file query_38.cif (mmCIF, C-alpha atoms and all ligand atoms)
data_structure
#
loop_
_atom_site.label_atom_id
_atom_site.label_comp_id
_atom_site.auth_asym_id
_atom_site.auth_seq_id
_atom_site.Cartn_x
_atom_site.Cartn_y
_atom_site.Cartn_z
CA MET A 1 -115.82 17.03 68.29
CA ASN A 2 -114.12 15.18 71.13
CA THR A 3 -111.75 13.35 68.80
CA PRO A 4 -108.32 14.87 68.39
CA ALA A 5 -107.85 16.38 64.96
CA LEU A 6 -104.54 16.26 63.15
CA LYS A 7 -102.51 16.34 66.31
CA ASP A 8 -100.00 13.76 65.24
CA TRP A 9 -99.84 14.63 61.60
CA PRO A 10 -96.72 16.69 61.04
CA LEU A 11 -96.62 19.80 58.89
CA TRP A 12 -95.07 19.63 55.40
CA GLU A 13 -93.96 22.43 53.12
CA VAL A 14 -94.99 22.01 49.51
CA PHE A 15 -92.89 23.06 46.51
CA VAL A 16 -94.25 22.86 42.98
CA ARG A 17 -92.44 23.03 39.64
CA SER A 18 -94.94 24.74 37.40
CA LYS A 19 -93.31 23.54 34.19
CA GLN A 20 -90.30 21.70 32.97
CA GLY A 21 -87.27 23.95 33.01
CA LEU A 22 -88.44 26.11 35.91
CA GLU A 23 -87.46 25.79 39.56
CA HIS A 24 -89.66 24.34 42.29
CA LYS A 25 -91.37 27.15 44.13
CA HIS A 26 -92.82 27.16 47.63
CA CYS A 27 -96.60 27.23 47.44
CA GLY A 28 -97.88 26.40 50.92
CA SER A 29 -98.05 23.75 53.57
CA LEU A 30 -100.25 20.92 54.75
CA HIS A 31 -100.57 18.23 57.40
CA ALA A 32 -100.02 14.58 56.50
CA ALA A 33 -99.11 11.35 58.28
CA ASP A 34 -96.13 10.59 56.04
CA ALA A 35 -94.31 11.71 52.92
CA ALA A 36 -96.37 9.62 50.51
CA GLN A 37 -99.61 10.97 51.90
CA ALA A 38 -98.20 14.49 51.87
CA LEU A 39 -97.49 14.12 48.15
CA HIS A 40 -101.00 12.86 47.49
CA MET A 41 -102.58 15.67 49.43
CA ALA A 42 -100.31 18.25 47.82
CA ARG A 43 -101.52 17.08 44.43
CA ASP A 44 -105.15 17.53 45.48
CA VAL A 45 -104.70 20.78 47.35
CA TYR A 46 -102.20 22.66 45.20
CA THR A 47 -102.41 21.28 41.66
CA ARG A 48 -106.07 20.86 40.75
CA ARG A 49 -105.58 22.81 37.53
CA GLN A 50 -102.32 21.48 36.18
CA GLU A 51 -100.33 24.02 38.17
CA GLY A 52 -97.43 21.63 38.34
CA VAL A 53 -95.39 18.89 36.72
CA SER A 54 -93.46 17.97 39.84
CA ILE A 55 -93.97 18.30 43.60
CA TRP A 56 -91.54 18.27 46.53
CA VAL A 57 -92.73 17.88 50.10
CA VAL A 58 -90.38 18.64 52.97
CA PRO A 59 -91.09 18.23 56.69
CA SER A 60 -91.43 21.78 57.98
CA VAL A 61 -89.19 20.95 60.95
CA ALA A 62 -86.36 20.15 58.52
CA ILE A 63 -86.17 23.74 57.35
CA THR A 64 -83.62 26.03 58.97
CA ALA A 65 -84.49 29.65 58.39
CA SER A 66 -82.42 32.75 58.87
CA ASN A 67 -83.48 34.87 61.80
CA PRO A 68 -85.16 38.14 60.78
CA ASP A 69 -83.23 39.86 63.58
CA ASP A 70 -80.02 39.02 61.73
CA LYS A 71 -81.26 40.61 58.56
CA GLY A 72 -78.96 43.59 58.88
CA GLU A 73 -75.90 41.50 59.60
CA LEU A 74 -76.64 39.03 56.81
CA PHE A 75 -77.79 41.22 54.00
CA ASP A 76 -76.77 44.81 54.57
CA PRO A 77 -73.03 44.30 53.84
CA ALA A 78 -74.01 43.78 50.22
CA ALA A 79 -75.70 47.17 50.07
CA ASP A 80 -72.50 49.21 49.58
CA LYS A 81 -70.96 46.86 47.04
CA ILE A 82 -72.53 48.58 44.12
CA TYR A 83 -69.56 47.57 41.92
CA ARG A 84 -71.17 44.12 41.83
CA HIS A 85 -73.80 45.49 39.51
CA PRO A 86 -73.26 46.16 35.80
CA THR A 87 -74.75 49.65 36.07
CA PHE A 88 -71.70 50.71 38.14
CA TYR A 89 -69.57 50.83 35.00
CA GLU A 90 -69.71 53.54 32.40
CA ILE A 91 -69.11 52.33 28.88
CA PRO A 92 -68.96 54.71 25.86
CA GLU A 93 -72.19 54.74 23.95
CA GLU A 94 -70.58 53.75 20.66
CA VAL A 95 -69.73 50.37 22.18
CA GLY A 96 -73.41 49.57 22.11
CA HIS A 97 -75.00 46.83 24.15
CA MET A 98 -72.60 45.06 26.54
CA MET B 1 -115.05 31.86 48.93
CA TYR B 2 -116.09 33.38 51.58
CA THR B 3 -115.71 36.12 54.02
CA GLN B 4 -118.23 38.27 55.71
CA ALA B 5 -117.79 40.91 58.26
CA MET B 6 -114.44 39.67 59.24
CA ASP B 7 -114.44 41.66 62.38
CA ILE B 8 -117.11 39.55 64.03
CA PRO B 9 -115.90 38.98 67.58
CA ASP B 10 -115.27 35.37 68.62
CA GLU B 11 -113.04 33.40 70.93
CA SER B 12 -110.26 32.50 68.54
CA GLY B 13 -106.88 34.03 69.00
CA LYS B 14 -107.47 34.81 72.64
CA LYS B 15 -105.36 31.93 73.87
CA LEU B 16 -102.24 32.83 71.91
CA ALA B 17 -99.17 33.27 74.03
CA ALA B 18 -98.59 36.92 74.60
CA VAL B 19 -95.41 38.15 72.99
CA SER B 20 -95.62 41.42 74.81
CA ASN B 21 -93.07 43.76 76.33
CA ALA B 22 -91.35 44.04 73.01
CA PRO B 23 -88.88 46.87 72.88
CA SER B 24 -90.37 49.91 71.27
CA ASP B 25 -87.89 49.91 68.40
CA GLN B 26 -89.46 46.66 67.18
CA GLU B 27 -92.84 48.28 67.33
CA ALA B 28 -91.50 51.29 65.49
CA ALA B 29 -90.01 49.05 62.81
CA PHE B 30 -93.35 47.29 62.43
CA GLU B 31 -95.25 50.56 62.13
CA ALA B 32 -92.74 51.90 59.64
CA ARG B 33 -93.08 48.84 57.47
CA ILE B 34 -96.88 49.07 57.57
CA ASP B 35 -96.73 52.76 56.70
CA ALA B 36 -94.49 51.99 53.74
CA ASP B 37 -97.06 49.41 52.59
CA GLY B 38 -94.55 46.63 53.23
CA ARG B 39 -95.36 43.02 54.09
CA ILE B 40 -95.13 41.26 57.44
CA GLU B 41 -93.87 37.66 57.45
CA PRO B 42 -94.34 34.99 60.15
CA GLN B 43 -90.90 35.40 61.73
CA ASP B 44 -91.25 39.17 62.02
CA TRP B 45 -92.14 40.85 65.26
CA MET B 46 -95.77 42.01 65.32
CA PRO B 47 -98.05 43.49 67.97
CA ASP B 48 -100.23 40.99 69.82
CA ALA B 49 -103.38 42.70 68.65
CA TYR B 50 -102.30 42.44 65.00
CA ARG B 51 -101.62 38.74 65.48
CA ARG B 52 -104.93 38.15 67.27
CA THR B 53 -106.90 40.05 64.65
CA LEU B 54 -105.33 38.01 61.87
CA VAL B 55 -105.88 34.69 63.64
CA ARG B 56 -109.52 35.56 64.16
CA GLN B 57 -110.04 36.77 60.62
CA ILE B 58 -108.11 34.03 58.82
CA SER B 59 -109.64 31.25 60.89
CA GLN B 60 -113.17 32.63 60.38
CA HIS B 61 -112.40 32.82 56.71
CA ALA B 62 -111.15 29.21 56.67
CA HIS B 63 -114.19 27.99 58.59
CA SER B 64 -116.42 29.77 56.08
CA GLU B 65 -114.80 27.91 53.19
CA ILE B 66 -115.25 24.59 54.98
CA VAL B 67 -118.85 25.14 56.10
CA GLY B 68 -119.50 26.70 52.69
CA MET B 69 -119.12 23.26 51.14
CA LEU B 70 -122.25 22.03 52.90
CA PRO B 71 -125.15 23.93 51.28
CA GLU B 72 -123.88 23.11 47.79
CA GLY B 73 -122.63 19.66 48.73
CA ASN B 74 -126.27 18.81 49.39
CA TRP B 75 -126.93 19.19 45.66
CA ILE B 76 -124.10 17.09 44.24
CA SER B 77 -126.21 13.95 44.17
CA ARG B 78 -129.18 15.86 42.75
CA ALA B 79 -127.51 17.96 40.06
CA PRO B 80 -129.65 17.98 36.90
CA SER B 81 -126.96 16.54 34.60
CA LEU B 82 -123.61 14.82 34.70
CA LYS B 83 -121.98 18.03 33.46
CA ARG B 84 -123.48 20.12 36.26
CA LYS B 85 -122.56 17.45 38.76
CA ALA B 86 -118.90 17.43 37.67
CA ILE B 87 -118.83 21.24 37.84
CA LEU B 88 -120.36 21.29 41.31
CA ILE B 89 -117.95 18.66 42.61
CA ALA B 90 -115.03 20.72 41.29
CA LYS B 91 -116.36 23.87 42.94
CA VAL B 92 -116.99 22.22 46.30
CA GLN B 93 -113.53 20.66 46.17
CA ASP B 94 -112.06 24.12 45.50
CA GLU B 95 -113.79 25.46 48.61
CA GLY B 96 -112.26 22.66 50.66
CA GLY B 97 -108.88 23.63 49.21
CA HIS B 98 -109.47 27.27 50.11
CA GLY B 99 -110.12 26.23 53.68
CA LEU B 100 -106.83 24.33 53.75
CA TYR B 101 -104.77 27.23 52.32
CA LEU B 102 -106.25 29.48 54.95
CA TYR B 103 -105.78 27.13 57.90
CA SER B 104 -102.12 26.86 56.89
CA ALA B 105 -101.81 30.63 56.71
CA ALA B 106 -103.36 30.98 60.18
CA GLU B 107 -101.00 28.34 61.59
CA THR B 108 -98.02 30.52 60.68
CA LEU B 109 -99.27 32.89 63.38
CA GLY B 110 -98.85 30.32 66.12
CA THR B 111 -102.32 28.86 66.39
CA SER B 112 -102.80 25.16 65.67
CA ARG B 113 -105.16 23.26 63.42
CA GLU B 114 -106.63 21.50 66.47
CA GLN B 115 -107.34 24.79 68.20
CA MET B 116 -109.09 26.13 65.14
CA LEU B 117 -111.14 23.00 64.52
CA GLU B 118 -112.05 22.90 68.18
CA GLY B 119 -113.23 26.49 67.90
CA LEU B 120 -115.40 25.68 64.90
CA HIS B 121 -116.79 22.40 66.21
CA SER B 122 -117.63 23.73 69.64
CA GLY B 123 -119.49 26.68 68.12
CA LYS B 124 -117.12 29.24 69.64
CA ALA B 125 -115.72 30.40 66.31
CA LYS B 126 -117.79 32.22 63.71
CA TYR B 127 -118.14 31.58 60.00
CA SER B 128 -120.00 33.42 57.28
CA SER B 129 -123.68 33.58 58.13
CA ILE B 130 -124.75 33.14 54.54
CA PHE B 131 -124.29 29.38 54.96
CA ASN B 132 -126.88 29.25 57.70
CA TYR B 133 -129.65 29.56 55.12
CA PRO B 134 -131.05 26.55 53.29
CA THR B 135 -130.55 25.65 49.62
CA LEU B 136 -134.11 24.73 48.70
CA ASN B 137 -133.74 23.92 45.01
CA TRP B 138 -131.31 23.85 42.09
CA ALA B 139 -131.71 27.56 41.38
CA ASP B 140 -130.22 28.23 44.81
CA VAL B 141 -127.02 26.54 43.71
CA GLY B 142 -126.77 28.87 40.71
CA VAL B 143 -127.56 31.90 42.85
CA ILE B 144 -124.89 30.94 45.37
CA GLY B 145 -122.30 30.83 42.60
CA TRP B 146 -123.42 34.11 41.06
CA LEU B 147 -124.15 36.19 44.15
CA VAL B 148 -122.46 34.54 47.14
CA ASP B 149 -119.22 33.79 45.32
CA GLY B 150 -119.58 37.15 43.59
CA ALA B 151 -119.74 38.93 46.94
CA ALA B 152 -116.87 36.81 48.22
CA ILE B 153 -114.73 37.83 45.24
CA MET B 154 -115.39 41.52 45.99
CA ASN B 155 -114.23 40.90 49.54
CA GLN B 156 -111.26 38.76 48.67
CA VAL B 157 -109.61 40.65 45.84
CA PRO B 158 -108.42 43.50 48.12
CA LEU B 159 -107.15 40.87 50.59
CA CYS B 160 -104.54 39.83 48.02
CA ARG B 161 -102.80 43.05 49.12
CA CYS B 162 -103.14 42.30 52.83
CA SER B 163 -100.10 43.29 54.88
CA TYR B 164 -99.63 39.75 56.21
CA GLY B 165 -97.70 37.81 53.58
CA PRO B 166 -99.05 34.26 54.04
CA TYR B 167 -102.68 35.51 54.06
CA ALA B 168 -102.12 37.62 50.96
CA ARG B 169 -100.50 34.72 49.10
CA ALA B 170 -103.32 32.36 50.04
CA MET B 171 -105.81 34.93 48.74
CA VAL B 172 -104.04 35.20 45.39
CA ARG B 173 -104.46 31.47 44.98
CA VAL B 174 -108.09 31.61 46.11
CA CYS B 175 -109.01 34.50 43.82
CA LYS B 176 -107.63 32.71 40.78
CA GLU B 177 -110.09 29.90 41.46
CA GLU B 178 -113.14 31.94 42.40
CA SER B 179 -113.87 33.37 39.00
CA PHE B 180 -115.00 29.98 37.70
CA HIS B 181 -117.31 29.67 40.71
CA GLN B 182 -119.20 32.81 39.88
CA ARG B 183 -119.35 32.17 36.15
CA GLN B 184 -120.64 28.61 36.45
CA GLY B 185 -123.43 29.82 38.75
CA TYR B 186 -124.45 32.63 36.46
CA GLU B 187 -124.38 30.35 33.44
CA ALA B 188 -126.50 27.72 35.20
CA LEU B 189 -129.08 30.46 35.87
CA LEU B 190 -128.97 31.64 32.25
CA VAL B 191 -129.88 28.12 31.19
CA MET B 192 -132.81 28.03 33.61
CA MET B 193 -134.02 31.42 32.40
CA LYS B 194 -134.26 29.98 28.89
CA GLY B 195 -136.45 27.19 30.24
CA THR B 196 -140.06 27.09 31.39
CA ASP B 197 -142.01 29.74 33.31
CA GLU B 198 -141.68 27.54 36.34
CA GLN B 199 -137.89 27.45 36.04
CA ARG B 200 -137.73 31.23 35.64
CA ALA B 201 -139.88 31.59 38.73
CA MET B 202 -137.45 29.34 40.63
CA VAL B 203 -134.54 31.60 39.71
CA GLN B 204 -136.43 34.74 40.73
CA ASP B 205 -137.44 33.12 44.01
CA ALA B 206 -133.86 32.13 44.79
CA VAL B 207 -132.64 35.67 44.01
CA ASN B 208 -135.35 37.07 46.27
CA ARG B 209 -134.27 34.90 49.16
CA TYR B 210 -130.53 35.45 48.77
CA TRP B 211 -130.13 39.09 47.68
CA TRP B 212 -130.32 40.80 51.06
CA LYS B 213 -128.28 38.11 52.75
CA CYS B 214 -125.52 38.64 50.21
CA LEU B 215 -125.49 42.37 50.93
CA ALA B 216 -125.11 41.57 54.63
CA MET B 217 -122.05 39.42 53.83
CA PHE B 218 -119.98 42.59 53.64
CA GLY B 219 -120.55 43.18 57.32
CA PRO B 220 -122.11 45.97 59.35
CA PRO B 221 -122.12 49.55 58.07
CA ASP B 222 -118.81 51.35 58.53
CA ALA B 223 -120.29 53.48 61.29
CA ASP B 224 -120.98 50.32 63.32
CA SER B 225 -117.74 48.41 62.77
CA PRO B 226 -115.28 49.66 65.32
CA HIS B 227 -112.52 47.16 64.39
CA SER B 228 -112.58 48.19 60.77
CA ALA B 229 -110.52 51.35 61.19
CA GLN B 230 -107.74 49.47 62.94
CA GLY B 231 -107.82 46.77 60.26
CA MET B 232 -107.47 49.47 57.62
CA ARG B 233 -104.66 51.10 59.55
CA TRP B 234 -102.78 47.77 59.62
CA GLY B 235 -103.31 47.07 55.95
CA ILE B 236 -105.35 43.96 56.77
CA LYS B 237 -108.49 45.50 55.35
CA ARG B 238 -108.11 47.72 52.30
CA ILE B 239 -111.65 48.74 51.43
CA SER B 240 -114.44 49.45 53.90
CA ASN B 241 -117.56 47.28 54.28
CA ASP B 242 -119.86 49.90 52.79
CA ASP B 243 -117.57 50.61 49.84
CA LEU B 244 -117.30 46.92 49.00
CA ARG B 245 -121.06 46.54 49.29
CA GLN B 246 -121.58 49.43 46.91
CA LYS B 247 -119.10 47.99 44.41
CA PHE B 248 -120.93 44.67 44.54
CA ILE B 249 -124.33 46.27 43.97
CA ASP B 250 -123.06 48.41 41.11
CA ALA B 251 -121.52 45.36 39.44
CA THR B 252 -124.53 43.11 39.99
CA VAL B 253 -127.42 45.28 38.77
CA PRO B 254 -126.42 45.05 35.07
CA GLN B 255 -125.83 41.29 35.44
CA ALA B 256 -129.35 40.89 36.82
CA LYS B 257 -130.71 42.79 33.85
CA VAL B 258 -128.98 40.47 31.37
CA LEU B 259 -130.22 37.47 33.30
CA GLY B 260 -133.75 38.84 33.33
CA VAL B 261 -134.40 38.84 37.06
CA THR B 262 -135.49 41.62 39.40
CA LEU B 263 -133.46 42.41 42.49
CA PRO B 264 -135.92 42.55 45.40
CA ASP B 265 -135.33 46.13 46.50
CA PRO B 266 -137.87 48.81 45.52
CA GLU B 267 -135.39 51.52 46.53
CA LEU B 268 -132.68 50.24 44.22
CA LYS B 269 -132.06 52.93 41.62
CA TRP B 270 -129.24 54.73 39.86
CA ASN B 271 -128.13 57.92 41.53
CA GLU B 272 -126.63 60.14 38.87
CA ALA B 273 -125.05 62.52 41.37
CA ARG B 274 -123.26 59.78 43.32
CA GLY B 275 -122.48 57.67 40.28
CA HIS B 276 -123.76 54.64 42.19
CA TYR B 277 -126.94 52.72 42.81
CA ASP B 278 -128.90 53.69 45.91
CA TYR B 279 -130.34 50.80 47.87
CA GLY B 280 -132.71 50.09 50.76
CA GLN B 281 -132.26 49.15 54.40
CA ILE B 282 -130.54 45.87 55.30
CA ASP B 283 -132.12 43.95 58.17
CA TRP B 284 -129.19 43.95 60.59
CA ALA B 285 -131.23 42.50 63.43
CA GLU B 286 -131.69 39.36 61.36
CA PHE B 287 -128.00 39.30 60.47
CA TRP B 288 -126.89 39.46 64.09
CA ASN B 289 -129.48 36.93 65.12
CA THR B 290 -127.99 34.48 62.63
CA VAL B 291 -124.44 35.32 63.69
CA GLU B 292 -125.49 34.55 67.25
CA GLY B 293 -126.50 31.06 66.16
CA ASN B 294 -130.23 31.40 65.61
CA GLY B 295 -130.41 31.23 61.82
CA PRO B 296 -132.48 28.53 60.13
CA CYS B 297 -129.54 26.15 59.59
CA ASN B 298 -126.86 26.99 62.18
CA LYS B 299 -127.43 23.82 64.18
CA GLU B 300 -127.71 21.58 61.16
CA ARG B 301 -124.53 22.93 59.55
CA LEU B 302 -122.48 22.52 62.68
CA ALA B 303 -123.84 19.05 63.37
CA THR B 304 -123.08 17.95 59.79
CA ARG B 305 -119.57 19.34 60.01
CA VAL B 306 -118.85 17.67 63.36
CA LYS B 307 -120.25 14.37 62.14
CA ALA B 308 -118.09 14.48 59.00
CA HIS B 309 -115.05 15.14 61.13
CA ASN B 310 -115.84 12.32 63.54
CA ASP B 311 -116.68 9.91 60.74
CA GLY B 312 -113.24 10.60 59.30
CA GLN B 313 -111.46 9.72 62.52
CA TRP B 314 -110.75 6.13 61.49
CA VAL B 315 -109.11 7.35 58.28
CA ARG B 316 -106.80 9.65 60.20
CA ASP B 317 -106.04 6.87 62.69
CA ALA B 318 -105.32 4.37 59.92
CA ALA B 319 -103.00 6.77 58.07
CA GLN B 320 -101.21 7.42 61.33
CA ALA B 321 -100.84 3.71 62.13
CA TYR B 322 -99.61 2.99 58.61
CA ALA B 323 -97.02 5.76 58.76
CA ARG B 324 -95.77 4.49 62.11
CA LYS B 325 -95.52 0.95 60.79
CA GLN B 326 -93.61 2.05 57.70
CA LYS B 327 -91.18 3.97 59.85
CA GLU B 328 -90.60 0.98 62.12
CA ARG B 329 -90.05 -1.27 59.14
CA ALA B 330 -87.52 1.15 57.65
CA LEU B 331 -85.67 1.32 60.95
CA LYS B 332 -85.59 -2.47 61.23
CA GLU B 333 -84.24 -2.84 57.71
CA ALA B 334 -81.57 -0.25 58.37
CA ALA B 335 -80.47 -2.03 61.57
FE FE A 401 -113.74 29.80 48.26
FE FE A 402 -116.05 29.97 45.76
#
call {"tool": "encode", "arguments": {"input": "query_38.cif", "output": "structure tokens"}}
result
Amino acid sequence: MNTPALKDWPLWEVFVRSKQGLEHKHCGSLHAADAAQALHMARDVYTRRQEGVSIWVVPSVAITASNPDDKGELFDPAADKIYRHPTFYEIPEEVGHM
Amino acid sequence: MYTQAMDIPDESGKKLAAVSNAPSDQEAAFEARIDADGRIEPQDWMPDAYRRTLVRQISQHAHSEIVGMLPEGNWISRAPSLKRKAILIAKVQDEGGHGLYLYSAAETLGTSREQMLEGLHSGKAKYSSIFNYPTLNWADVGVIGWLVDGAAIMNQVPLCRCSYGPYARAMVRVCKEESFHQRQGYEALLVMMKGTDEQRAMVQDAVNRYWWKCLAMFGPPDADSPHSAQGMRWGIKRISNDDLRQKFIDATVPQAKVLGVTLPDPELKWNEARGHYDYGQIDWAEFWNTVEGNGPCNKERLATRVKAHNDGQWVRDAAQAYARKQKERALKEAA
């Protein structure tokens, strides 16, 4: 118990493509010494039941995230642009599906 | 698996930097989101107490998964067939994975893996008391799958709707894997029940020893769990200890009947008016005594865990040294 644990193993974010044709999706994180080990561990931790056909690992420090405090500034301007959605437009019924 | 009373006080979470003095509009926004049954994500402002509660609960939960590998791990080399051995290895590996999902979720709250492991290894942090009882024979392994994982599933399914996003997502992953754990245990017992009188007696004996301890896994009665109400208020806990316990009992009685074992509670009987099974008194003194560290296996479990960690030190060191060397080589080649 006096030995340091994973102190020097950086954190990695794991992304898994569940099947060919779909995007990689974030599924969690883990500690590993390097990228190759992170991939190995990601396989064991996140894909024990064929949950994936491809894995990405990214050092967590390499991710730049938007600040939740800026949420209003970033995302609210889109709220009043309802003309960006198809439902904004009224089309006569006889036209059918469009 | 494996959660118990997840409001058992321990030291974890106390050392987190206080993010206090937040303006009240942040607090109001947090409360509003909770009230609207929204989710809280790591970057969002949250009250210190919410953060501390989650760190304590998620780390206890993670420790329980990790220590939970030990009682069954003891039986991997003694499983009665290659098939059962492969199944048990897969289950124990799952539990290790559950621990890792949960440690990661806890780390998003600002605690570190080292802090959590230190808490576990020093005995300051708690884990589910059910693992402080011995697994005496192969029937115990089946009973753990059926009843202990069964109880854990009852506890964990509502946690998939926990207000803290990373915890809820980890629980979705965990719950998907748990169902196999319970079914393999039950099936192993069914096989034993078709065997000799002696094998049937082993199953009954294991059920007798584990039944009450599984009921205690849900934690103290609602009247005696002061943190519970706050946990419910915050959407961390969705169903009370007593309600979960009742659900577990109601689900398990018919399973016991099919299996052909008796649950060791003379007061267990259907109550038509309540629409539930009534049950007898749980020995809470024994529960707390085990939580406090005086159960039959507390010392052994902790010692085994610490030894495993220390024995793995050279592997971590070697991986570290290799990574450093690779990096240096890459730099040299680039120069
Ligand atoms: Fe588990
Ligand atoms: Fe499990």
call {"tool": "residues_near_ligand", "arguments": {"input": "query_38.cif", "ligand": "ligand FE 401 (chain A)", "cutoff": "9 Å", "atoms": "all atoms listed in the file", "output": "short mmCIF file (atom, residue, chain, number, x, y, z; two decimals) with C-alpha atoms, in the frame of the given file"}}
result
data_model
loop_
_atom_site.label_atom_id
_atom_site.label_comp_id
_atom_site.auth_asym_id
_atom_site.auth_seq_id
_atom_site.Cartn_x
_atom_site.Cartn_y
_atom_site.Cartn_z
CA MET B 1 -115.05 31.86 48.93
CA TYR B 2 -116.09 33.38 51.58
CA THR B 3 -115.71 36.12 54.02
CA ALA B 62 -111.15 29.21 56.67
CA SER B 64 -116.42 29.77 56.08
CA GLU B 65 -114.80 27.91 53.19
CA ILE B 66 -115.25 24.59 54.98
CA GLY B 68 -119.50 26.70 52.69
CA MET B 69 -119.12 23.26 51.14
CA LYS B 91 -116.36 23.87 42.94
CA VAL B 92 -116.99 22.22 46.30
CA ASP B 94 -112.06 24.12 45.50
CA GLU B 95 -113.79 25.46 48.61
CA GLY B 96 -112.26 22.66 50.66
CA GLY B 97 -108.88 23.63 49.21
CA HIS B 98 -109.47 27.27 50.11
CA GLY B 99 -110.12 26.23 53.68
CA ASP B 149 -119.22 33.79 45.32
CA ALA B 152 -116.87 36.81 48.22
CA ILE B 153 -114.73 37.83 45.24
CA VAL B 174 -108.09 31.61 46.11
CA CYS B 175 -109.01 34.50 43.82
CA GLU B 177 -110.09 29.90 41.46
CA GLU B 178 -113.14 31.94 42.40
CA HIS B 181 -117.31 29.67 40.71
#
call {"tool": "residues_around", "arguments": {"input": "query_38.cif", "residues": "stretch 20-27 of chain A", "least_positions_apart": "5", "cutoff": "8 Å", "atoms": "only C-alpha atoms", "output": "ChimeraX atom specification"}}
result
/A:13-15,46,53-56
call {"tool": "interface_residues", "arguments": {"input": "query_38.cif", "of": "chain B", "to": "chain A", "cutoff": "7 Å", "atoms": "only C-alpha atoms", "output": "short mmCIF file (atom, residue, chain, number, x, y, z; two decimals) with C-alpha atoms, keeping the file's coordinate frame"}}
result
data_model
loop_
_atom_site.label_atom_id
_atom_site.label_comp_id
_atom_site.auth_asym_id
_atom_site.auth_seq_id
_atom_site.Cartn_x
_atom_site.Cartn_y
_atom_site.Cartn_z
CA GLN B 43 -90.90 35.40 61.73
CA ASP B 44 -91.25 39.17 62.02
CA GLY B 97 -108.88 23.63 49.21
CA SER B 104 -102.12 26.86 56.89
CA GLU B 114 -106.63 21.50 66.47
CA GLU B 118 -112.05 22.90 68.18
CA HIS B 121 -116.79 22.40 66.21
CA VAL B 306 -118.85 17.67 63.36
CA ASN B 310 -115.84 12.32 63.54
CA ALA B 319 -103.00 6.77 58.07
CA GLN B 320 -101.21 7.42 61.33
CA ALA B 323 -97.02 5.76 58.76
#
call {"tool": "closest_residue", "arguments": {"input": "query_38.cif", "among": "B:Ala139, B:Gln184, B:Ala106, B:Glu31", "to": "ligand FE 402 (chain A)", "atoms": "only C-alpha atoms and all ligand atoms"}}
result
B:Gln184
call {"tool": "atom_distance", "arguments": {"input": "query_38.cif", "atom1": "atom CA of B:Lys176", "atom2": "atom CA of A:Gly52"}}
result
15.3 Å
call {"tool": "atom_distance", "arguments": {"input": "query_38.cif", "atom1": "atom CA of B:Cys297", "atom2": "atom CA of B:Tyr133"}}
result
5.6 Å
call {"tool": "atom_distance", "arguments": {"input": "query_38.cif", "atom1": "atom CA of B:Ser24", "atom2": "atom CA of B:Tyr50"}}
result
15.4 Å
call {"tool": "residues_around", "arguments": {"input": "query_38.cif", "residues": "B:Asn298", "least_positions_apart": "5", "cutoff": "10 Å", "atoms": "only C-alpha atoms", "output": "MDAnalysis selection string"}}
result
chainID B and resid 123 129 131:134 290:293 303
call {"tool": "closest_residue", "arguments": {"input": "query_38.cif", "among": "A:Ser60, A:Ala78, A:Tyr89, A:Trp12", "to": "A:Leu39", "atoms": "all atoms listed in the file"}}
result
A:Trp12
call {"tool": "residues_around", "arguments": {"input": "query_38.cif", "residues": "B:Tyr279", "least_positions_apart": "6", "cutoff": "10 Å", "atoms": "all atoms listed in the file", "output": "NGL selection string"}}
result
:B and (246 or 249 or 265-271)
call {"tool": "closest_residue", "arguments": {"input": "query_38.cif", "among": "B:Tyr127, B:Trp288, B:Tyr322, B:Trp146", "to": "ligand FE 402 (chain A)", "atoms": "only C-alpha atoms and all ligand atoms"}}
result
B:Trp146
call {"tool": "closest_residue", "arguments": {"input": "query_38.cif", "among": "B:Leu215, B:Ile282, B:Leu331, B:Val148", "to": "ligand FE 402 (chain A)", "atoms": "only C-alpha atoms and all ligand atoms"}}
result
B:Val148
call {"tool": "closest_residue", "arguments": {"input": "query_38.cif", "among": "B:Met116, B:Ala335, B:Ala285, B:Ile89", "to": "ligand FE 402 (chain A)", "atoms": "only C-alpha atoms and all ligand atoms"}}
result
B:Ile89
call {"tool": "closest_residue", "arguments": {"input": "query_38.cif", "among": "B:Arg233, B:Arg200, B:Arg316, B:His309", "to": "B:Ala32", "atoms": "all atoms listed in the file"}}
result
B:Arg233
call {"tool": "build_atoms", "arguments": {"input": "query_38.cif", "residues": "stretch 33-38 of chain A", "atoms": "N, CA and C atoms", "output": "CSV table (one decimal), in the frame of the given file"}}
result
chain,number,residue,atom,x,y,z
A,33,ALA,N,-99.7,12.3,57.4
A,33,ALA,CA,-99.1,11.4,58.3
A,33,ALA,C,-97.7,11.0,57.8
A,34,ASP,N,-97.5,10.9,56.5
A,34,ASP,CA,-96.1,10.6,56.0
A,34,ASP,C,-95.9,11.2,54.7
A,35,ALA,N,-94.7,11.0,54.1
A,35,ALA,CA,-94.3,11.7,52.9
A,35,ALA,C,-95.2,11.3,51.7
A,36,ALA,N,-95.5,10.0,51.6
A,36,ALA,CA,-96.4,9.6,50.5
A,36,ALA,C,-97.7,10.3,50.6
A,37,GLN,N,-98.3,10.3,51.8
A,37,GLN,CA,-99.6,11.0,51.9
A,37,GLN,C,-99.5,12.5,51.6
A,38,ALA,N,-98.4,13.1,52.1
A,38,ALA,CA,-98.2,14.5,51.9
A,38,ALA,C,-98.2,14.8,50.4
